[in-house]
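What follows is final.cif (mmCIF, C-alpha atoms and all ligand atoms).
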data_coords
#
loop_
_atom_site.label_atom_id
_atom_site.label_comp_id
_atom_site.auth_asym_id
_atom_site.auth_seq_id
_atom_site.Cartn_x
_atom_site.Cartn_y
_atom_site.Cartn_z
CA MET T 1 147.86 165.88 191.94
CA ALA T 2 146.54 168.48 194.40
CA LYS T 3 147.94 168.63 197.92
CA ILE T 4 145.68 167.08 200.56
CA THR T 5 144.65 169.50 203.32
CA ALA T 6 143.29 168.95 206.81
CA HIS T 7 139.86 169.90 205.41
CA ASP T 8 140.14 167.12 202.82
CA ILE T 9 140.86 164.65 205.63
CA VAL T 10 137.65 165.68 207.41
CA LYS T 11 135.74 165.42 204.12
CA LEU T 12 136.95 161.85 203.59
CA LYS T 13 135.05 160.87 206.74
CA ALA T 14 131.94 162.78 205.59
CA ASP T 15 132.16 160.89 202.28
CA GLY T 16 132.61 157.55 204.04
CA VAL T 17 136.10 157.02 202.59
CA PRO T 18 138.62 155.29 204.92
CA ILE T 19 141.68 157.47 205.60
CA VAL T 20 145.07 155.86 204.96
CA CYS T 21 147.92 157.12 207.12
CA LEU T 22 151.50 155.98 207.73
CA THR T 23 154.61 157.35 209.36
CA ALA T 24 157.77 158.30 207.45
CA TYR T 25 160.99 159.86 208.66
CA ASP T 26 163.21 160.69 205.69
CA PHE T 27 163.21 161.25 201.93
CA PRO T 28 163.26 157.61 200.71
CA THR T 29 160.66 156.35 203.19
CA ALA T 30 158.42 159.34 202.48
CA ALA T 31 158.82 158.80 198.72
CA ALA T 32 157.69 155.16 199.08
CA VAL T 33 154.77 156.13 201.29
CA GLU T 34 153.75 158.99 198.99
CA GLU T 35 153.97 156.79 195.91
CA GLY T 36 151.95 154.14 197.73
CA GLY T 37 149.11 156.64 197.82
CA VAL T 38 148.58 157.48 201.51
CA ASP T 39 146.44 160.45 202.48
CA LEU T 40 148.50 161.55 205.49
CA ILE T 41 152.15 161.12 206.48
CA LEU T 42 152.95 161.45 210.17
CA VAL T 43 156.53 162.30 211.04
CA GLY T 44 156.02 160.54 214.34
CA ASP T 45 158.26 160.70 217.37
CA SER T 46 158.26 156.91 217.01
CA LEU T 47 161.43 157.81 215.09
CA GLY T 48 163.10 157.75 218.50
CA MET T 49 162.63 153.98 218.47
CA VAL T 50 162.61 152.87 214.84
CA VAL T 51 165.24 155.30 213.52
CA GLN T 52 167.33 156.19 216.57
CA GLY T 53 167.11 152.82 218.36
CA ALA T 54 165.95 154.22 221.72
CA ASP T 55 163.58 152.37 224.07
CA ASN T 56 160.88 155.04 223.87
CA THR T 57 159.94 158.33 222.23
CA LEU T 58 160.90 160.67 225.06
CA GLY T 59 164.38 161.66 223.88
CA VAL T 60 163.35 163.04 220.48
CA THR T 61 164.21 166.74 220.34
CA LEU T 62 162.47 169.54 218.51
CA ASP T 63 165.53 170.05 216.30
CA GLU T 64 165.52 166.35 215.36
CA MET T 65 161.81 166.47 214.57
CA ALA T 66 162.28 169.57 212.40
CA TYR T 67 165.14 167.86 210.56
CA HIS T 68 163.04 164.77 209.77
CA VAL T 69 160.02 166.86 208.74
CA ARG T 70 162.23 168.73 206.26
CA LEU T 71 163.39 165.46 204.68
CA VAL T 72 159.87 164.03 204.47
CA LYS T 73 158.42 167.23 203.06
CA ARG T 74 160.71 167.02 200.02
CA ALA T 75 159.02 163.78 198.94
CA ALA T 76 155.43 164.52 199.96
CA SER T 77 153.85 166.26 197.01
CA ARG T 78 150.30 165.05 197.73
CA ALA T 79 149.94 163.59 201.23
CA LEU T 80 149.33 165.89 204.21
CA VAL T 81 152.50 166.10 206.34
CA VAL T 82 151.83 166.10 210.09
CA ALA T 83 154.65 166.63 212.61
CA ASP T 84 154.55 165.15 216.10
CA MET T 85 155.17 167.71 218.83
CA PRO T 86 157.99 166.06 220.84
CA PHE T 87 157.75 165.38 224.58
CA MET T 88 158.01 168.64 226.57
CA SER T 89 157.72 170.86 223.50
CA PHE T 90 154.16 171.88 224.42
CA GLN T 91 153.94 171.28 228.17
CA GLU T 92 156.03 174.19 229.42
CA SER T 93 154.36 177.42 228.29
CA ASP T 94 152.29 179.01 225.56
CA ALA T 95 155.37 180.82 224.25
CA ALA T 96 157.49 177.65 224.07
CA THR T 97 154.62 175.81 222.38
CA MET T 98 154.22 178.46 219.71
CA ALA T 99 157.98 178.65 219.15
CA ALA T 100 158.00 174.87 218.61
CA VAL T 101 155.05 175.06 216.20
CA GLY T 102 156.84 177.88 214.37
CA LYS T 103 159.94 175.74 213.95
CA LEU T 104 157.99 172.74 212.65
CA VAL T 105 155.68 174.66 210.31
CA LYS T 106 157.63 177.75 209.26
CA GLU T 107 161.15 176.31 209.12
CA ALA T 108 160.59 172.60 208.44
CA GLY T 109 157.39 172.76 206.36
CA ALA T 110 154.90 170.71 208.42
CA GLU T 111 151.30 171.24 207.36
CA ALA T 112 149.77 170.23 210.70
CA VAL T 113 150.99 169.12 214.12
CA LYS T 114 149.96 166.33 216.49
CA LEU T 115 149.85 166.60 220.29
CA GLU T 116 149.37 163.74 222.73
CA GLY T 117 146.75 163.93 225.47
CA ALA T 118 143.69 165.98 226.32
CA ARG T 119 144.48 167.59 229.68
CA PRO T 120 142.96 171.07 230.11
CA GLU T 121 146.38 172.74 229.51
CA THR T 122 146.86 170.68 226.34
CA LEU T 123 143.39 171.63 225.09
CA ALA T 124 144.19 175.31 225.70
CA ARG T 125 147.45 174.98 223.72
CA ILE T 126 145.62 173.18 220.90
CA ARG T 127 143.22 176.16 220.66
CA LEU T 128 146.18 178.52 220.60
CA ILE T 129 147.88 176.62 217.77
CA ILE T 130 144.67 176.42 215.74
CA GLY T 131 144.17 180.15 216.39
CA ALA T 132 147.49 180.70 214.64
CA GLY T 133 146.15 178.86 211.59
CA VAL T 134 147.87 175.50 212.08
CA PRO T 135 145.67 172.36 211.95
CA VAL T 136 146.04 170.03 214.93
CA MET T 137 145.63 166.27 215.21
CA GLY T 138 144.78 164.94 218.69
CA HIS T 139 146.00 161.64 220.15
CA VAL T 140 144.36 159.77 223.04
CA GLY T 141 144.17 156.23 224.38
CA TYR T 142 147.70 154.93 224.92
CA THR T 143 149.98 157.94 224.48
CA PRO T 144 153.64 156.84 224.20
CA GLN T 145 155.03 160.08 225.67
CA SER T 146 153.41 159.02 228.99
CA THR T 147 155.17 155.65 228.97
CA HIS T 148 156.46 156.08 232.53
CA TYR T 149 152.94 156.92 233.73
CA PHE T 150 151.36 153.91 232.00
CA GLY T 151 154.16 151.57 233.07
CA ARG T 152 153.90 149.56 229.89
CA ARG T 153 152.16 149.64 226.56
CA ARG T 154 148.59 148.60 227.40
CA VAL T 155 145.07 148.93 226.04
CA GLN T 156 143.22 151.95 227.47
CA GLY T 157 139.51 152.41 228.26
CA LYS T 158 138.81 148.84 229.35
CA THR T 159 136.56 149.70 232.31
CA ALA T 160 133.30 151.64 231.95
CA ALA T 161 134.80 154.59 233.84
CA ALA T 162 137.97 154.63 231.74
CA ALA T 163 135.89 154.28 228.56
CA ARG T 164 133.68 157.24 229.54
CA ALA T 165 136.80 159.30 230.28
CA LEU T 166 138.19 158.48 226.84
CA VAL T 167 134.94 159.54 225.17
CA VAL T 168 135.09 162.84 227.08
CA ASP T 169 138.70 163.36 225.96
CA ALA T 170 137.94 162.64 222.30
CA VAL T 171 134.94 165.00 222.31
CA ALA T 172 137.05 167.68 224.03
CA LEU T 173 139.68 167.38 221.28
CA GLU T 174 137.02 167.80 218.60
CA GLU T 175 135.56 170.78 220.47
CA ALA T 176 139.04 172.31 220.75
CA GLY T 177 139.17 172.22 216.95
CA CYS T 178 141.28 169.14 216.09
CA PHE T 179 140.76 168.00 212.50
CA ALA T 180 141.35 164.34 213.45
CA VAL T 181 141.98 162.26 216.57
CA VAL T 182 144.36 159.31 216.81
CA LEU T 183 142.98 156.50 218.98
CA GLU T 184 145.84 154.27 220.10
CA LEU T 185 145.21 150.90 221.76
CA VAL T 186 141.52 151.42 222.44
CA PRO T 187 139.10 148.44 222.50
CA ARG T 188 137.44 148.17 219.10
CA GLU T 189 133.85 148.66 220.30
CA LEU T 190 134.82 151.81 222.19
CA ALA T 191 136.84 153.13 219.23
CA ALA T 192 133.84 152.56 216.94
CA MET T 193 131.56 154.29 219.45
CA ILE T 194 133.88 157.32 219.62
CA SER T 195 134.18 157.38 215.83
CA ARG T 196 130.41 157.42 215.40
CA GLY T 197 130.10 160.24 217.94
CA LEU T 198 132.63 162.60 216.34
CA THR T 199 132.25 164.67 213.19
CA VAL T 200 136.01 164.74 212.65
CA PRO T 201 137.71 161.46 211.76
CA THR T 202 139.35 159.08 214.17
CA VAL T 203 142.57 157.41 213.03
CA GLY T 204 143.12 154.11 214.79
CA ILE T 205 146.30 152.30 215.71
CA GLY T 206 145.57 149.00 217.39
CA SER T 207 141.96 150.15 217.85
CA GLY T 208 140.05 148.00 215.38
CA PRO T 209 138.17 148.53 212.13
CA GLY T 210 135.52 150.95 213.42
CA CYS T 211 137.85 153.96 213.17
CA ASP T 212 137.55 156.33 210.20
CA GLY T 213 141.16 155.73 209.20
CA GLN T 214 144.18 153.65 210.17
CA ILE T 215 147.79 154.49 210.90
CA LEU T 216 150.82 152.26 211.43
CA VAL T 217 154.51 152.86 211.91
CA LEU T 218 155.98 152.26 208.44
CA HIS T 219 158.92 150.27 209.80
CA ASP T 220 156.49 147.84 211.48
CA LEU T 221 154.37 147.46 208.34
CA VAL T 222 157.30 146.68 206.05
CA GLY T 223 159.45 144.76 208.55
CA PHE T 224 162.26 147.33 208.59
CA TYR T 225 162.50 147.47 212.40
CA ARG T 226 163.89 144.43 214.20
CA GLY T 227 162.66 145.40 217.68
CA TYR T 228 159.32 144.82 219.38
CA SER T 229 156.36 144.60 217.02
CA PRO T 230 152.89 145.03 218.56
CA LYS T 231 150.20 142.39 218.04
CA PHE T 232 148.01 144.71 215.96
CA VAL T 233 150.67 145.17 213.28
CA ARG T 234 150.16 143.35 210.00
CA ARG T 235 153.61 142.98 208.49
CA LEU T 236 153.27 143.07 204.71
CA ALA T 237 156.95 142.84 203.78
CA ASN T 238 160.31 141.91 205.26
CA VAL T 239 162.52 144.77 204.17
CA ASN T 240 165.09 144.07 206.86
CA ALA T 241 165.64 140.53 205.58
CA VAL T 242 165.92 141.80 202.00
CA MET T 243 168.54 144.37 203.05
CA THR T 244 170.53 141.93 205.16
CA GLU T 245 170.56 139.42 202.30
CA ALA T 246 171.79 142.11 199.86
CA VAL T 247 174.58 143.09 202.27
CA ARG T 248 175.63 139.42 202.69
CA GLU T 249 175.73 138.95 198.94
CA TYR T 250 177.78 142.14 198.52
CA GLY T 251 180.29 140.86 201.09
CA ARG T 252 180.53 137.53 199.29
CA LEU T 253 181.11 139.21 195.91
CA VAL T 254 183.80 141.58 197.22
CA ARG T 255 185.63 138.77 199.02
CA ALA T 256 185.45 136.55 195.94
CA GLY T 257 186.79 139.32 193.68
CA GLU T 258 183.54 139.31 191.71
CA TYR T 259 182.69 142.92 192.46
CA PRO T 260 183.26 145.31 190.81
CA ALA T 261 183.20 143.88 187.27
CA ALA T 262 184.74 145.75 184.32
CA ALA T 263 181.39 147.30 183.46
CA GLU T 264 181.15 148.70 186.98
CA SER T 265 184.23 150.91 186.68
CA VAL T 266 185.64 153.36 184.11
CA ALA T 267 188.55 152.62 181.71
CA LEU T 268 191.26 155.08 180.71
CA ASP T 269 191.22 155.83 176.97
CA ALA T 270 193.80 153.84 175.03
CA ARG T 271 196.04 156.85 174.18
CA THR T 272 196.35 158.01 177.78
CA LEU T 273 197.02 154.48 178.89
CA ALA T 274 199.74 154.04 176.25
CA GLU T 275 201.34 157.36 177.27
CA LEU T 276 201.40 156.40 180.92
CA GLU T 277 202.82 153.00 180.13
CA ALA T 278 205.55 154.51 177.96
CA GLU T 279 206.64 156.66 180.94
CA ARG T 280 207.10 153.63 183.12
CA ARG T 281 210.72 152.69 183.50
CA PRO T 282 211.62 149.07 182.91
CA GLY T 283 211.31 147.19 186.17
CA ASP T 284 208.54 149.51 187.52
O1 LIG T 301 154.86 158.55 216.84
C1 LIG T 301 154.08 157.92 216.11
O2 LIG T 301 154.47 157.29 215.13
C2 LIG T 301 152.66 157.95 216.45
C3 LIG T 301 151.74 157.04 215.71
C4 LIG T 301 152.06 155.65 215.99
C5 LIG T 301 150.32 157.36 215.92
O3 LIG T 301 152.26 158.69 217.31
#

Write the structure described by the file as structure tokens, please.
Amino acid sequence: MAKITAHDIVKLKADGVPIVCLTAYDFPTAAAVEEGGVDLILVGDSLGMVVQGADNTLGVTLDEMAYHVRLVKRAASRALVVADMPFMSFQESDAATMAAVGKLVKEAGAEAVKLEGARPETLARIRLIIGAGVPVMGHVGYTPQSTHYFGRRRVQGKTAAAARALVVDAVALEEAGCFAVVLELVPRELAAMISRGLTVPTVGIGSGPGCDGQILVLHDLVGFYRGYSPKFVRRLANVNAVMTEAVREYGRLVRAGEYPAAAESVALDARTLAELEAERRPGD
């Protein structure tokens, strides 16, 4: 099946087809997500929490992101692979931003990148990246890299002034050339309003059904992560429980001498065995 491009993602909105997105962080999770038929895989810096066990996304390095993108890319034959630009990889300078994009796209194989926020400097860097031929996904509303600024994970755009500011940010991202805009924790009416106003698709997370597509953290969706799970998550499996149960059963079998069975190991051929036994001195 043909590889999905950023242009195809925009066309899905034009055709009225909801866009299905999920995160993945390594070969097996990407293989499951790819086989499940998603349009876009985000190698999100949420990996800091659900893979590395940190409290937030801030500690994820560029090298770590590149590593995870490389693993995901090996399994993603159809879905568009988008790499998150880690905290402080695009804030410092144009040169550092482009070096980071180079690492993610040229070395690791990302097909687009995602940046959080819509400050004037961020918009300028988005234009620079797009100028180099790399599609960019925007991200506004609650932006996890600003966790210390927000204080806690909370819905954004709840007052008229904050809602207007969010609309301005989303439009600015489209005007800067983003092929899609993630809306995280935005009230559903506002998210629908923004979605109707943009030509490029919005991808909602905790922002209601009016977005053009949806994204979730895979580990939340399948119950792989034991930590905090936001209210908007619909957990469709309990992978963690399945894994823990398998591990318990393995422990029971080993302790009971029931694993491995004969069929789960290899026998010496009879001649070799006889030869070895003949060499054994009596009493050995
Ligand atoms: O890091 C991430 O996984 C994200 C999505 C939740 C949008 O930014």

Taking all atoms of ligand LIG 301 (chain T) that the file lists and extending 3 Å past them on each side, where is the centre of the axis-aligned box and how long are its edges? Answer in Å to one decimal, as JSON.
{"center_x": 152.6, "center_y": 157.2, "center_z": 216.2, "size_x": 10.5, "size_y": 9.0, "size_z": 8.2}

Find, counting all atoms listed in the file, the residue in T:Gly59, T:Gly36, T:Ile19, T:Phe232 that gets nearest to Asp220 of chain T.
T:Phe232

Using only C-alpha atoms and all ligand atoms, which residue out of T:Phe224, T:Tyr142, T:Phe90, T:Tyr250 lies closest to ligand LIG 301 (chain T)?
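Among the listed residues, T:Tyr142 lies closest to ligand LIG 301 (chain T).
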
Given 6 Å and only C-alpha atoms and all ligand atoms, residues near ligand LIG 301 (chain T) as a list in words:
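Using only C-alpha atoms and all ligand atoms, I find these residues within 6 Å of ligand LIG 301 (chain T): Thr23, Gly44, Asp45, Ser46, Leu216 and Val217 of chain T.
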
Need to verify the contact set: Leu22 of chain T, 12 Å, only C-alpha atoms, exclusion of same-chain residues closer than 5 positions in sequence. Can you return it as number ranges by chain?
T: 29-34, 36-44, 46, 79-82, 203-205, 213-222

Which residues come within 12 Å of Leu128 of chain T, counting only C-alpha atoms, excluding same-chain residues fewer than 5 positions away, as a PDB file with C-alpha atoms, in the frame of the given file?
ATOM      1  CA  PHE T  90     154.160 171.880 224.420  1.00  0.00           C
ATOM      2  CA  SER T  93     154.360 177.420 228.290  1.00  0.00           C
ATOM      3  CA  ASP T  94     152.290 179.010 225.560  1.00  0.00           C
ATOM      4  CA  ALA T  95     155.370 180.820 224.250  1.00  0.00           C
ATOM      5  CA  ALA T  96     157.490 177.650 224.070  1.00  0.00           C
ATOM      6  CA  THR T  97     154.620 175.810 222.380  1.00  0.00           C
ATOM      7  CA  MET T  98     154.220 178.460 219.710  1.00  0.00           C
ATOM      8  CA  ALA T  99     157.980 178.650 219.150  1.00  0.00           C
ATOM      9  CA  VAL T 101     155.050 175.060 216.200  1.00  0.00           C
ATOM     10  CA  GLU T 121     146.380 172.740 229.510  1.00  0.00           C
ATOM     11  CA  THR T 122     146.860 170.680 226.340  1.00  0.00           C
ATOM     12  CA  LEU T 123     143.390 171.630 225.090  1.00  0.00           C
ATOM     13  CA  GLY T 133     146.150 178.860 211.590  1.00  0.00           C
ATOM     14  CA  VAL T 134     147.870 175.500 212.080  1.00  0.00           C
ATOM     15  CA  PRO T 135     145.670 172.360 211.950  1.00  0.00           C
ATOM     16  CA  VAL T 136     146.040 170.030 214.930  1.00  0.00           C
ATOM     17  CA  ALA T 176     139.040 172.310 220.750  1.00  0.00           C
ATOM     18  CA  GLY T 177     139.170 172.220 216.950  1.00  0.00           C
ATOM     19  CA  CYS T 178     141.280 169.140 216.090  1.00  0.00           C
TER      20      CYS T 178
END

With the input short on atoms, add all heavy atoms back to segment 225-236 of chain T and write it as a PDB file, in the frame of the given file.
ATOM      1  N   TYR T 225     162.050 147.338 211.011  1.00  0.00           N
ATOM      2  CA  TYR T 225     162.500 147.470 212.400  1.00  0.00           C
ATOM      3  C   TYR T 225     162.580 146.078 213.012  1.00  0.00           C
ATOM      4  O   TYR T 225     161.629 145.311 212.951  1.00  0.00           O
ATOM      5  CB  TYR T 225     161.480 148.341 213.137  1.00  0.00           C
ATOM      6  CG  TYR T 225     161.776 148.581 214.588  1.00  0.00           C
ATOM      7  CD1 TYR T 225     162.963 149.175 214.991  1.00  0.00           C
ATOM      8  CD2 TYR T 225     160.844 148.251 215.575  1.00  0.00           C
ATOM      9  CE1 TYR T 225     163.225 149.426 216.327  1.00  0.00           C
ATOM     10  CE2 TYR T 225     161.090 148.500 216.916  1.00  0.00           C
ATOM     11  CZ  TYR T 225     162.286 149.090 217.280  1.00  0.00           C
ATOM     12  OH  TYR T 225     162.535 149.341 218.599  1.00  0.00           O
ATOM     13  N   ARG T 226     163.710 145.768 213.635  1.00  0.00           N
ATOM     14  CA  ARG T 226     163.890 144.430 214.200  1.00  0.00           C
ATOM     15  C   ARG T 226     163.378 144.300 215.626  1.00  0.00           C
ATOM     16  O   ARG T 226     163.305 143.210 216.150  1.00  0.00           O
ATOM     17  CB  ARG T 226     165.386 144.091 214.244  1.00  0.00           C
ATOM     18  CG  ARG T 226     165.941 143.617 212.926  1.00  0.00           C
ATOM     19  CD  ARG T 226     167.447 143.413 213.117  1.00  0.00           C
ATOM     20  NE  ARG T 226     168.100 143.143 211.863  1.00  0.00           N
ATOM     21  CZ  ARG T 226     168.346 141.923 211.412  1.00  0.00           C
ATOM     22  NH1 ARG T 226     167.965 140.871 212.103  1.00  0.00           N
ATOM     23  NH2 ARG T 226     168.956 141.750 210.266  1.00  0.00           N
ATOM     24  N   GLY T 227     163.074 145.434 216.267  1.00  0.00           N
ATOM     25  CA  GLY T 227     162.660 145.400 217.680  1.00  0.00           C
ATOM     26  C   GLY T 227     161.240 144.897 217.849  1.00  0.00           C
ATOM     27  O   GLY T 227     160.658 144.263 216.961  1.00  0.00           O
ATOM     28  N   TYR T 228     160.666 145.240 219.003  1.00  0.00           N
ATOM     29  CA  TYR T 228     159.320 144.820 219.380  1.00  0.00           C
ATOM     30  C   TYR T 228     158.283 145.228 218.326  1.00  0.00           C
ATOM     31  O   TYR T 228     158.266 146.348 217.852  1.00  0.00           O
ATOM     32  CB  TYR T 228     158.988 145.481 220.731  1.00  0.00           C
ATOM     33  CG  TYR T 228     157.545 145.415 221.122  1.00  0.00           C
ATOM     34  CD1 TYR T 228     156.993 144.227 221.597  1.00  0.00           C
ATOM     35  CD2 TYR T 228     156.739 146.543 221.012  1.00  0.00           C
ATOM     36  CE1 TYR T 228     155.658 144.169 221.948  1.00  0.00           C
ATOM     37  CE2 TYR T 228     155.401 146.496 221.367  1.00  0.00           C
ATOM     38  CZ  TYR T 228     154.870 145.307 221.834  1.00  0.00           C
ATOM     39  OH  TYR T 228     153.554 145.251 222.180  1.00  0.00           O
ATOM     40  N   SER T 229     157.429 144.288 217.970  1.00  0.00           N
ATOM     41  CA  SER T 229     156.360 144.600 217.020  1.00  0.00           C
ATOM     42  C   SER T 229     155.022 144.274 217.681  1.00  0.00           C
ATOM     43  O   SER T 229     154.767 143.123 218.055  1.00  0.00           O
ATOM     44  CB  SER T 229     156.548 143.764 215.751  1.00  0.00           C
ATOM     45  OG  SER T 229     155.521 144.056 214.848  1.00  0.00           O
ATOM     46  N   PRO T 230     154.160 145.273 217.861  1.00  0.00           N
ATOM     47  CA  PRO T 230     152.890 145.030 218.560  1.00  0.00           C
ATOM     48  C   PRO T 230     151.993 144.045 217.813  1.00  0.00           C
ATOM     49  O   PRO T 230     152.101 143.876 216.595  1.00  0.00           O
ATOM     50  CB  PRO T 230     152.235 146.415 218.601  1.00  0.00           C
ATOM     51  CG  PRO T 230     153.259 147.388 218.158  1.00  0.00           C
ATOM     52  CD  PRO T 230     154.311 146.660 217.406  1.00  0.00           C
ATOM     53  N   LYS T 231     151.096 143.430 218.569  1.00  0.00           N
ATOM     54  CA  LYS T 231     150.200 142.390 218.040  1.00  0.00           C
ATOM     55  C   LYS T 231     149.294 142.890 216.911  1.00  0.00           C
ATOM     56  O   LYS T 231     148.942 142.156 215.994  1.00  0.00           O
ATOM     57  CB  LYS T 231     149.365 141.912 219.237  1.00  0.00           C
ATOM     58  CG  LYS T 231     148.170 141.089 218.927  1.00  0.00           C
ATOM     59  CD  LYS T 231     147.420 140.734 220.200  1.00  0.00           C
ATOM     60  CE  LYS T 231     146.013 140.321 219.819  1.00  0.00           C
ATOM     61  NZ  LYS T 231     145.062 140.346 220.878  1.00  0.00           N
ATOM     62  N   PHE T 232     148.947 144.177 216.963  1.00  0.00           N
ATOM     63  CA  PHE T 232     148.010 144.710 215.960  1.00  0.00           C
ATOM     64  C   PHE T 232     148.653 144.965 214.610  1.00  0.00           C
ATOM     65  O   PHE T 232     147.978 145.236 213.628  1.00  0.00           O
ATOM     66  CB  PHE T 232     147.335 145.991 216.464  1.00  0.00           C
ATOM     67  CG  PHE T 232     148.305 147.099 216.806  1.00  0.00           C
ATOM     68  CD1 PHE T 232     148.898 147.868 215.818  1.00  0.00           C
ATOM     69  CD2 PHE T 232     148.622 147.362 218.126  1.00  0.00           C
ATOM     70  CE1 PHE T 232     149.787 148.882 216.136  1.00  0.00           C
ATOM     71  CE2 PHE T 232     149.512 148.386 218.455  1.00  0.00           C
ATOM     72  CZ  PHE T 232     150.093 149.138 217.451  1.00  0.00           C
ATOM     73  N   VAL T 233     149.996 144.868 214.543  1.00  0.00           N
ATOM     74  CA  VAL T 233     150.670 145.170 213.280  1.00  0.00           C
ATOM     75  C   VAL T 233     150.472 144.030 212.288  1.00  0.00           C
ATOM     76  O   VAL T 233     150.587 142.859 212.655  1.00  0.00           O
ATOM     77  CB  VAL T 233     152.190 145.368 213.514  1.00  0.00           C
ATOM     78  CG1 VAL T 233     152.950 145.392 212.200  1.00  0.00           C
ATOM     79  CG2 VAL T 233     152.434 146.649 214.296  1.00  0.00           C
ATOM     80  N   ARG T 234     150.124 144.363 211.051  1.00  0.00           N
ATOM     81  CA  ARG T 234     150.160 143.350 210.000  1.00  0.00           C
ATOM     82  C   ARG T 234     151.387 143.635 209.148  1.00  0.00           C
ATOM     83  O   ARG T 234     151.440 144.646 208.448  1.00  0.00           O
ATOM     84  CB  ARG T 234     148.899 143.391 209.136  1.00  0.00           C
ATOM     85  CG  ARG T 234     148.821 142.167 208.255  1.00  0.00           C
ATOM     86  CD  ARG T 234     147.557 142.098 207.448  1.00  0.00           C
ATOM     87  NE  ARG T 234     146.346 142.037 208.260  1.00  0.00           N
ATOM     88  CZ  ARG T 234     145.126 141.974 207.753  1.00  0.00           C
ATOM     89  NH1 ARG T 234     144.963 141.944 206.449  1.00  0.00           N
ATOM     90  NH2 ARG T 234     144.055 141.954 208.543  1.00  0.00           N
ATOM     91  N   ARG T 235     152.370 142.746 209.225  1.00  0.00           N
ATOM     92  CA  ARG T 235     153.610 142.980 208.490  1.00  0.00           C
ATOM     93  C   ARG T 235     153.414 142.492 207.055  1.00  0.00           C
ATOM     94  O   ARG T 235     153.166 141.306 206.818  1.00  0.00           O
ATOM     95  CB  ARG T 235     154.762 142.234 209.151  1.00  0.00           C
ATOM     96  CG  ARG T 235     156.076 142.529 208.487  1.00  0.00           C
ATOM     97  CD  ARG T 235     157.137 141.589 208.923  1.00  0.00           C
ATOM     98  NE  ARG T 235     157.746 142.041 210.178  1.00  0.00           N
ATOM     99  CZ  ARG T 235     158.832 141.484 210.684  1.00  0.00           C
ATOM    100  NH1 ARG T 235     159.403 140.481 210.078  1.00  0.00           N
ATOM    101  NH2 ARG T 235     159.343 141.929 211.797  1.00  0.00           N
ATOM    102  N   LEU T 236     153.548 143.414 206.102  1.00  0.00           N
ATOM    103  CA  LEU T 236     153.270 143.070 204.710  1.00  0.00           C
ATOM    104  C   LEU T 236     154.529 142.890 203.865  1.00  0.00           C
ATOM    105  O   LEU T 236     154.434 142.634 202.668  1.00  0.00           O
ATOM    106  CB  LEU T 236     152.361 144.144 204.083  1.00  0.00           C
ATOM    107  CG  LEU T 236     150.953 144.258 204.704  1.00  0.00           C
ATOM    108  CD1 LEU T 236     150.146 145.359 204.040  1.00  0.00           C
ATOM    109  CD2 LEU T 236     150.201 142.923 204.600  1.00  0.00           C
TER     110      LEU T 236
END
